[in-house]
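Below is one structure; the comments refer to it alone.
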Amino acid sequence: MASRTGGFAPPLNQIAFSVVDLRLTERWFREGFGLLPAGGSRALMRGPVAANVQGLPRAASTCWWLLGRNSWFQLELFQFERPIANLKPADFRPCDIGYTRIGIWVDDFDATLKRLAGLGSQPLTEPSGERGERRACVRNPDGVYVEIMEDDPLPHVNQRGRADCPSAIRSVTVSVHQLSDAAAFFETGVGLKPSTVALHTPEHEALWGLAGATADSRLFDGGEVLIEVVQYLDPAGKPRPSDYHLSDQGILNIAFGARRKADFNAVYRRAEAFGAKPNCRPVHLPGAGSVVYVNDPHGLSVEILRTKSGLADRIFGFEPRPMHKRPAPDTRRIEHRVNINAPVDVVWEAITDQDSMAEWIGFDPVTVRKEGWTQRHGAGSERLMQGPRGVGRIVEQVIATSSQQSLRYRVIESSPLTCHQGEITLKQSDGHTELHWVIRFRPKLAGTGALLQKVLQAKLLSMLDGRLRPYIETSTAAGVFTTGGSENAETGVR
């Protein structure tokens, strides 16, 4: 494919995400949209080469790939162990600077919305448009805006790819400070052609919460995926945080692909001549492909990628593979259920009140190091937990909560485990509350998993049966807990 500026115009063949819980986000895309698993890698995503390519010192992650109906395109999901991803702020808007939204065409609009509702994701507004042309928008588990399209903006490519997949990725949107500069990078620096497709009208802005917004945009042809570059005038987008790094939760970059090394080199030279700065020189893997991450003059990350047909496509996630043909971010799981003689709102208050957590958690003291975005103990909050007699110290962060239903957290500092995450769910039943606590992790030291699992399972049982349940039941009888407080508000829901 030739570009408007001459030479090879690369197709968009990847959108990469940094996710907090790989299993959760992968399941959301796979079950919600019918995307196909395509393997993954941990070995390729750590060590000096990965760190240099991504520009992240000591980078380490587990990566899974997913495929839509597109003929040569993937979603790439990273769960970073180093550096740990900063959470996407609760007030993040699609006008804020960076990659903010993707669009997915689906062959059954109503069934897709029903599946997503079962996964906890409701449209932000009622769908718009007439039947056959409806659109809706949801947020995925990492806060990324996902537009659902009943009408395919690229119907001429719909039959090119995998007919066994009921959806295709059709667009990615990036919000920028200066439209002219960003558009020039994609057109001249990458070599894309402008697209004449009518992807959005101003009325669509209401779908993702920006009704009445004014913006200028340019649309580019990325083969089977459109690249939408938008400068919001009102409301103006907030810049990325001063401590932003590539591994932060959300869309981290997009990749343009080539099959031939000469085409890969041509795109790289164009981008560099435009002023894009590579994290390192291009990496060429003999017999497989090439990769480089570049940053445009305003810091936007773009990957240039080459894979050869056949084995390389299979290795790098461009062909469907069984789900078990990929490394797990966590390899051990412990869980325990306990019935507590107290209403669900009382149990919720007890488990979310971090100031009183030392009464039952097994750590003392427990100190709120950082308050949550909208509630002191809600999503975004962090607690410093000190072990008995000063031994041991970890920091846990609340990832998301659904009021009086579920709470997700992760360990972000000092854990002897990797990918250490937990989820607590509550269920009311005949005046009692069933509490289900699940912890997932991977041991840092090979061969210690079974022992650690046994020890932690015993500690979880002791904590829930021996401390938390009597603490709540005794405190309830004494009238310690109140209900309906501000901490019962829904916070950090994705």
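Identifiers in this document derive from the order of the structure tokens: chains are assigned A, B, ..., residues are numbered from 1 separately in each chain, and ligands are numbered from 1 in order of occurrence.
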Query raised in the report: Would you give me, as a ChimeraX atom specification, the residues in segment 184-369 of chain A that DSSP reads as helix (DSSP H, G or I)?
Result: /A:184-190,202-208,261-274,311-315,344-352,354-359
Give me, as CSV, the closest atom pair and its distance (Å, one decimal) for every residue of segment 192-230 of chain A within a cut-off of 12 Å of segment 246-257 of chain A, counting only C-alpha atoms, rows sorted by chain and rising number.
```
residue,atom,partner,partner_atom,distance
A:Leu192,CA,A:Phe256,CA,10.0
A:Asp221,CA,A:Phe256,CA,11.5
A:Gly222,CA,A:Phe256,CA,8.2
A:Gly223,CA,A:Phe256,CA,10.0
A:Glu224,CA,A:Phe256,CA,11.7
A:Val225,CA,A:Phe256,CA,10.7
A:Leu226,CA,A:Ile254,CA,11.6
A:Ile227,CA,A:Ile254,CA,9.6
```
Go ahead and save the picked residues with C-alpha atoms, as a tab-separated table (two decimals), in the first residue's frame.
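Listing of out-v7.tsv after writing:
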```
chain	number	residue	atom	x	y	z
A	192	LEU	CA	-0.60	7.37	6.37
A	221	ASP	CA	-6.49	5.08	6.92
A	222	GLY	CA	-4.82	2.32	8.89
A	223	GLY	CA	-5.91	-0.52	6.62
A	224	GLU	CA	-8.63	-2.32	8.60
A	225	VAL	CA	-8.48	0.09	11.55
A	226	LEU	CA	-9.00	3.86	11.47
A	227	ILE	CA	-6.79	6.29	13.42
```
Query raised in the report: From the list A:Gly98, A:Pro141, A:Gly189, A:Pro48, which residue is nearest Phe29 of chain A when using only C-alpha atoms?
Result: A:Pro141
Report task. Using only C-alpha atoms, pick whichever of A:Gly55, A:Pro11, A:Gly68, A:Gly447 has the shortest atom-to-atom distance to Asn295 of chain A. Result ->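 Going through A:Gly55, A:Pro11, A:Gly68, A:Gly447 one by one, the smallest distance to Asn295 of chain A is for A:Gly55.
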Report task. Could you please determine the separation between atom CA of Leu66 of chain A and atom CA of Gly39 of chain A in Å, to one decimal place? Result ->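 Separation of atom CA of Leu66 of chain A and atom CA of Gly39 of chain A: 7.9 Å.
Straight-line separation from atom CA of Cys137 of chain A to atom CA of Asn13 of chain A: 22.6 Å.
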Report summary line: For Gly289 of chain A, the closest of A:Gln428, A:Thr352, A:Ser414, A:Asn265 counting only C-alpha atoms is A:Asn265
